[in-house]
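K.L.:
Quick one: structure below, then a few questions.
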Amino acid sequence: MSTGTSETLLESEPADLADESAAEIAARSPLELFWRRLRRDKVALVALSVVVFMVLVAILAPLIVKVFGLPNPNTQNDNLLDDFGSPTGPSGAHLFGVDERGRDVFTRVLYGARVSLEAALISTALIVLIGVTAGLITGYFRGRVDTLFSRVMDLFLAFPVLVLAVGLGVACADGCLGGAIQPGLPVVIFVITLTTWPYMARIVRGQVLSLREREFVEASRSLGASDKRIIVREILPNLVAPIIVYSTVLVPQNIIYEASLSFLGVGIDPSKPSWGAMISDATSVFQDAWWFMVFPGLALLITVLAFNVVGDGLQDALNPRTSK
């Protein structure tokens with residue numbers, strides 16, 4: 001009798017453990033599961049640390065310059081040039097050397113991060129806002145609305161983006177839309193947003209076309225829910241993961257976009273340091289002053305690479321098929 005009781009207890013232990021394990025898994029929220037997957041990706045965490053560091057550098061650039069007693073980014077000092085009027089290389093006083101006008105390259109790289117990240121983050125936010133709104137409307141309502149928006153998106157996607165961007169940048173050099181778009185950084189943000197939002201809209205539209213036919217949407221519709229409620233409460237929450245992932249892809253793309261426009265001399269005020277403009281200025285003196293191109297180029301490379309790695313890590317962490 002005691003033997004049977006012991007066997008019964010032994011047989012029940014695995015079931016109890018399985019129940020406790022199942023309860024533990026069921027108790028985890030989606031945020032907990034996301035963080036559990038993300039923290040296993042050490043490379044993504046390192047890249048995220050780099051992104052946070054670059055953002056802090058961009059925000060605190062004026063404070064860093066003041067604390068360390070560095071010259072302002074536009075301060076020209078001919079005494080820092082050599083006897084032949086050429087820029088001098090890295091030294092203890094100027095970590096990244098100086099450019100052909102005697103300006104401190106380290107300070108300009110710090111301030112260049114402000115321009116690049118500001119343009120990339122603001123334009124990405126506008127792209128997400130416009131693209132998600134257009135994608136939700138066209139994917140859910142379809143019909144003539146979908147046809148009209150789709151043809152507009154096809155028009156933007158078929159046009160050479162860089163040519164359109166350069167043309168708009170030159171045309172808006174003195175402002176656009178009755179002065180609503182001011183010269184400088186607002187022009188760059190306007191150009192990036194105008195030429196990139198169709199990509200986000202296309203992705204969201206494809207997701208909505210699939211989600212609108214799902215059972216939970218049909219159930220809400222059968223209960224008398226309005227179109228607005230279905231879009232906001234049922235469809236939009238299911239788009240959070242792809243929106244976040246694609247946004248992290250857009251940020252490095254927009255950083256390169258801004259650098260390309262600055263390299264071509266479009267949009268950004270020449271008095272404001274920009275990584276792209278610095279690389280453009282360094283092309284004529286690269287053989288004599290390699291540091292003027294290398295350091296802003298490395299800053300651009302590291303920032304873009306970090307955002308891309310973070311995007312890959314977020315995609316894996318938000319994927320429900322990833323192992324728990």
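Numbering starts fresh at 1 for the residues of each chain in the structure tokens, the chains themselves are lettered A, B, ... in the order given, and ligands are numbered from 1 as they appear.
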Enumerate, as a PyMOL selection string, the complete set of residues in segment 110-303 of chain A that a backbone-based DSSP assignment places in helix (DSSP H, G or I).
P.N.:
chain A and resi 110-141+143-158+161-171+185-211+215-222+227-263+275-282+291-303
K.L.:
Got a sec: who's within 10 Å of segment 237-243 of chain A, counting only C-alpha atoms, leaving out chain neighbours fewer than 5 positions off, as a PyMOL selection string?
P.N.:
chain A and resi 128+131-132+136+200+203-204+207-208+211+231-232+248-249+314-315+317-319
K.L.:
Find, counting only C-alpha atoms, the residue in A:Pro160, A:Gly89, A:Gly139, A:Pro296 that gets nearest to Trp275 of chain A.
P.N.:
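Result for the nearest residue to Trp275 of chain A: A:Pro296.
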K.L.:
Just the residues within 12 Å of Ser91 of chain A, please, counting only C-alpha atoms, with nothing from its chain fewer than 2 positions along; format it as a PyMOL selection string.
P.N.:
chain A and resi 80+87-89+93-98+104-106+291
K.L.:
Would you kindly return, as a ChimeraX atom specification, each protein, DNA or RNA residue with an atom no farther than 10 Å from any atom of segment 141-154 of chain A, considering only C-alpha atoms and excluding same-chain residues fewer than 2 positions away?
P.N.:
/A:134-139,156-159,195-199,201-202,205,208-209,212,227
K.L.:
Considering only C-alpha atoms, state which residue in the set A:Phe190, A:Phe292, A:Tyr111, A:Phe68 is at the smallest distance from Leu126 of chain A.
P.N.:
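Nearest candidate to Leu126 of chain A out of A:Phe190, A:Phe292, A:Tyr111, A:Phe68: A:Phe190.
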K.L.:
Find the spatial neighbours of Asp281 of chain A, counting only C-alpha atoms, within a cut-off of 10 Å - ignore same-chain residues fewer than 5 positions away - and output them as an NGL selection string.
P.N.:
:A and (99-100 or 263 or 265 or 275-276 or 286 or 292-293)
K.L.:
Just N, CA and C atoms for this one: save the residues we selected as an mmCIF file, in the first residue's frame.
P.N.:
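Ended up saving to part-v8.cif:
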data_model
loop_
_atom_site.group_PDB
_atom_site.id
_atom_site.type_symbol
_atom_site.label_atom_id
_atom_site.label_comp_id
_atom_site.auth_asym_id
_atom_site.auth_seq_id
_atom_site.Cartn_x
_atom_site.Cartn_y
_atom_site.Cartn_z
ATOM 1 N N ASP A 99 40.646 71.695 -39.000
ATOM 2 C CA ASP A 99 40.403 71.687 -40.439
ATOM 3 C C ASP A 99 41.191 72.807 -41.113
ATOM 4 N N GLU A 100 40.882 73.044 -42.387
ATOM 5 C CA GLU A 100 41.654 74.017 -43.148
ATOM 6 C C GLU A 100 41.408 75.454 -42.710
ATOM 7 N N PHE A 263 26.344 66.438 -47.936
ATOM 8 C CA PHE A 263 27.509 66.242 -48.806
ATOM 9 C C PHE A 263 27.329 66.973 -50.125
ATOM 10 N N GLY A 265 25.557 69.613 -50.426
ATOM 11 C CA GLY A 265 25.365 71.034 -50.160
ATOM 12 C C GLY A 265 23.931 71.485 -50.201
ATOM 13 N N TRP A 275 28.051 65.960 -40.325
ATOM 14 C CA TRP A 275 28.999 64.928 -40.727
ATOM 15 C C TRP A 275 29.137 64.860 -42.244
ATOM 16 N N GLY A 276 28.018 64.931 -42.939
ATOM 17 C CA GLY A 276 28.073 64.881 -44.398
ATOM 18 C C GLY A 276 28.805 66.068 -44.991
ATOM 19 N N PHE A 286 42.012 65.663 -48.425
ATOM 20 C CA PHE A 286 42.150 64.369 -47.762
ATOM 21 C C PHE A 286 43.601 63.887 -47.740
ATOM 22 N N PHE A 292 40.375 64.943 -41.097
ATOM 23 C CA PHE A 292 39.174 65.745 -41.320
ATOM 24 C C PHE A 292 38.050 64.903 -41.915
ATOM 25 N N MET A 293 38.370 63.845 -42.646
ATOM 26 C CA MET A 293 37.362 62.950 -43.204
ATOM 27 C C MET A 293 37.170 61.712 -42.341
#
K.L.:
Given only C-alpha atoms as the basis, pick out the residue of A:Lys272, A:Arg221, A:Arg114, A:Arg108 nearest to Phe295 of chain A.
P.N.:
A:Arg108
K.L.:
Neighbours of Ile189 of chain A within 9 Å (only C-alpha atoms; same-chain residues fewer than 6 positions away dropped), as a PyMOL selection string?
P.N.:
chain A and resi 118-120+122-124+126+258
K.L.:
Point out the residue among A:Val67, A:Glu32, A:Leu261, A:Leu60 with the least atom-to-atom distance to Gly167 of chain A, counting only C-alpha atoms.
P.N.:
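Of all the options, A:Leu261 lies closest to Gly167 of chain A.
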K.L.:
To one decimal in Å, tell me the separation between atom CA of Gly224 of chain A and atom CA of Gly206 of chain A.
P.N.:
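Computing it gives 24.9 Å between the two atoms.
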K.L.:
Check the smallest atom-to-atom distance from each of A:Leu223, A:Leu305, A:Ser116, A:Lys42 to Ser274 of chain A using only C-alpha atoms, then report the winner.
P.N.:
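Of A:Leu223, A:Leu305, A:Ser116, A:Lys42, the one nearest Ser274 of chain A is A:Ser116, counting only C-alpha atoms.
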K.L.:
Return the single residue from A:Val304, A:Ile268, A:Val170, A:Val161 that is closest to Thr193 of chain A, with distances computed using only C-alpha atoms.
P.N.:
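Smallest separation from Thr193 of chain A among the options: A:Val161.
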K.L.:
Which distance in Å separates atom CA of Gly311 of chain A and atom CA of Tyr257 of chain A, to one decimal?
P.N.:
17.6 Å
